[in-house]
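Written below as structure tokens is the structure these notes are about.
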Amino acid sequence: LVVKVRKLAPAKLVEQRYEQINSWEKMLVENGTRVLKIMLHISKEEQGERLRERLEVPEKRWKFNPSDLEDRKLWDDYQVAYETVLQRCSTPHAPWHVVPADSRSRRDAIVARLIRGELEAMKPEYPDPGYRPEQYQID
């Protein structure tokens, strides 16, 4: 996103990267890796509140980065870039899930449900040890 918004790479290279991302994710899925992509989306107003809080609350100052203010000025450009990424890189094998994140508790509940769904779909089981435990006795 930063590369696209700040024009740190030619547009042709950025376009090429979308396909590379999709190919890499497809290869991961074809080889048994589950890909769960979650975008936590906050509003510009909420972002402003969180940035202000980082300056006002001493325990949160470590989170503040002055460069965030420069990026904030490019909010609209970032929104366009996010939309492009979501359109170009949400595929049947690795879809994007956009989660509203202004409310931390609502965000956490949605993300937990997504993760739980993936874990349940995996149907994890303990591996067969390859022996029958009743055949052994420990004295």
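Order determines the names: the first chain of the structure tokens is A, the second B, and so forth; residues in each chain are numbered 1 upward, and ligands are numbered 1 upward as they are shown.
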
TODO: Give the strand (DSSP E or B) residues of range 20-129 of chain A, as assigned by DSSP on the backbone, as a ChimeraX atom specification.
DONE: /A:37-41,96-100

Output N, CA, C and O atoms for every residue in the selection just made, as a PDB file, in the first residue's frame.
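The file below, again_17.pdb, is the result:
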```pdb
ATOM      1  N   LYS A  37      -7.065 -14.077   5.598  1.00  0.00           N
ATOM      2  CA  LYS A  37      -6.668 -12.671   5.479  1.00  0.00           C
ATOM      3  C   LYS A  37      -7.765 -11.792   6.079  1.00  0.00           C
ATOM      4  O   LYS A  37      -8.912 -11.849   5.653  1.00  0.00           O
ATOM      5  N   ILE A  38      -7.355 -10.994   7.063  1.00  0.00           N
ATOM      6  CA  ILE A  38      -8.301 -10.134   7.767  1.00  0.00           C
ATOM      7  C   ILE A  38      -7.789  -8.701   7.707  1.00  0.00           C
ATOM      8  O   ILE A  38      -6.668  -8.425   8.123  1.00  0.00           O
ATOM      9  N   MET A  39      -8.618  -7.813   7.197  1.00  0.00           N
ATOM     10  CA  MET A  39      -8.290  -6.393   7.195  1.00  0.00           C
ATOM     11  C   MET A  39      -9.129  -5.732   8.279  1.00  0.00           C
ATOM     12  O   MET A  39     -10.357  -5.794   8.249  1.00  0.00           O
ATOM     13  N   LEU A  40      -8.448  -5.118   9.242  1.00  0.00           N
ATOM     14  CA  LEU A  40      -9.140  -4.395  10.308  1.00  0.00           C
ATOM     15  C   LEU A  40      -9.334  -2.965   9.824  1.00  0.00           C
ATOM     16  O   LEU A  40      -8.366  -2.227   9.658  1.00  0.00           O
ATOM     17  N   HIS A  41     -10.573  -2.600   9.588  1.00  0.00           N
ATOM     18  CA  HIS A  41     -10.878  -1.290   9.016  1.00  0.00           C
ATOM     19  C   HIS A  41     -11.427  -0.341  10.070  1.00  0.00           C
ATOM     20  O   HIS A  41     -12.447  -0.625  10.691  1.00  0.00           O
ATOM     21  N   TRP A  96     -10.333 -12.080   1.190  1.00  0.00           N
ATOM     22  CA  TRP A  96     -10.162 -11.072   2.237  1.00  0.00           C
ATOM     23  C   TRP A  96     -11.436 -11.002   3.070  1.00  0.00           C
ATOM     24  O   TRP A  96     -12.540 -11.107   2.534  1.00  0.00           O
ATOM     25  N   HIS A  97     -11.282 -10.779   4.357  1.00  0.00           N
ATOM     26  CA  HIS A  97     -12.395 -10.528   5.267  1.00  0.00           C
ATOM     27  C   HIS A  97     -12.167  -9.130   5.841  1.00  0.00           C
ATOM     28  O   HIS A  97     -11.188  -8.906   6.557  1.00  0.00           O
ATOM     29  N   VAL A  98     -13.048  -8.188   5.515  1.00  0.00           N
ATOM     30  CA  VAL A  98     -12.926  -6.826   6.028  1.00  0.00           C
ATOM     31  C   VAL A  98     -13.757  -6.737   7.303  1.00  0.00           C
ATOM     32  O   VAL A  98     -14.961  -6.994   7.293  1.00  0.00           O
ATOM     33  N   VAL A  99     -13.087  -6.405   8.392  1.00  0.00           N
ATOM     34  CA  VAL A  99     -13.723  -6.375   9.704  1.00  0.00           C
ATOM     35  C   VAL A  99     -13.772  -4.937  10.203  1.00  0.00           C
ATOM     36  O   VAL A  99     -12.728  -4.287  10.312  1.00  0.00           O
ATOM     37  N   PRO A 100     -14.974  -4.436  10.525  1.00  0.00           N
ATOM     38  CA  PRO A 100     -15.049  -3.098  11.109  1.00  0.00           C
ATOM     39  C   PRO A 100     -14.341  -3.114  12.471  1.00  0.00           C
ATOM     40  O   PRO A 100     -14.593  -4.002  13.287  1.00  0.00           O
TER      41      PRO A 100
END
```

- [ ] Find the residues around Arg17 in chain A up to 10 Å (only C-alpha atoms counted), leave out those fewer than 6 positions away in its own chain, and share them as a VMD selection string.
- [x] chain A and resid 11 23 89

Open item on the list: Which residue is closest to Ile21 in chain A? Choose from A:Ala94, A:Ser67, A:Glu83, A:Ile110 and count only C-alpha atoms.
Closed with: A:Ala94

Open item on the list: So that I can check the secondary structure, give me every residue of chain A assigned alpha helix (DSSP H) by backbone DSSP, as a PyMOL selection string.
Closed with: chain A and resi 2-5+11-30+44-56+67-72+75-89+104-122

Task: Contact residues around Gly32 in chain A with only C-alpha atoms at 12 Å, ignoring same-chain residues under 6 positions, as an MDAnalysis selection string - done: chainID A and resid 25:26 93 122

Could those selected residues go to a file with N, CA, C and O atoms, as an mmCIF file, in the first residue's frame?
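The result, written out as again_11.cif:
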```
data_model
loop_
_atom_site.group_PDB
_atom_site.id
_atom_site.type_symbol
_atom_site.label_atom_id
_atom_site.label_comp_id
_atom_site.auth_asym_id
_atom_site.auth_seq_id
_atom_site.Cartn_x
_atom_site.Cartn_y
_atom_site.Cartn_z
ATOM 1 N N GLU A 25 -0.111 -17.201 -2.716
ATOM 2 C CA GLU A 25 -1.167 -17.701 -1.831
ATOM 3 C C GLU A 25 -1.793 -18.973 -2.389
ATOM 4 O O GLU A 25 -2.094 -19.906 -1.633
ATOM 5 N N LYS A 26 -1.965 -19.040 -3.699
ATOM 6 C CA LYS A 26 -2.530 -20.247 -4.308
ATOM 7 C C LYS A 26 -1.597 -21.437 -4.086
ATOM 8 O O LYS A 26 -2.045 -22.538 -3.759
ATOM 9 N N HIS A 93 -9.430 -19.002 -3.221
ATOM 10 C CA HIS A 93 -8.544 -19.765 -2.332
ATOM 11 C C HIS A 93 -8.023 -18.935 -1.166
ATOM 12 O O HIS A 93 -7.560 -19.500 -0.180
ATOM 13 N N MET A 122 -10.731 -27.224 9.660
ATOM 14 C CA MET A 122 -9.529 -28.056 9.572
ATOM 15 C C MET A 122 -9.743 -29.427 10.215
ATOM 16 O O MET A 122 -9.033 -30.375 9.901
#
```

Task: Coordinates-based distance that separates CA of Lys44 in chain A from CA of Ile115 in chain A (Å, one decimal) - done: 26.5 Å

Task: For Tyr18 in chain A: contacts at 12 Å, only C-alpha atoms, fewer than 6 positions along chain excluded, given as a PyMOL selection string - done: chain A and resi 1+4+11-12+24-25+81+84-91

TODO: Go through A:Val14, A:Leu28, A:Ile42, A:Val2 one by one, measure the shortest atom-to-atom distance of each to Asp102 in chain A using only C-alpha atoms, and give the residue with the smallest value.
DONE: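 Going through A:Val14, A:Leu28, A:Ile42, A:Val2 one by one, the smallest distance to Asp102 in chain A is for A:Ile42.
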
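Nearest-residue note for Lys7 in chain A: choosing from A:Asp68, A:Trp62, A:Asp77, A:Leu36, the minimum distance belongs to A:Asp77, counting only C-alpha atoms.
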
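With only C-alpha atoms as the basis for measurement, A:Ser103 is the residue among A:Tyr136, A:Ser103, A:Leu74, A:Pro92 that approaches Glu46 in chain A most closely.
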
Open item on the list: as a PyMOL selection string, please: the residues near Arg52 in chain A (cut-off 12 Å, only C-alpha atoms, same-chain neighbours under 5 positions excluded).
Closed with: chain A and resi 45-47+57-58+60-61+63-66+68-69
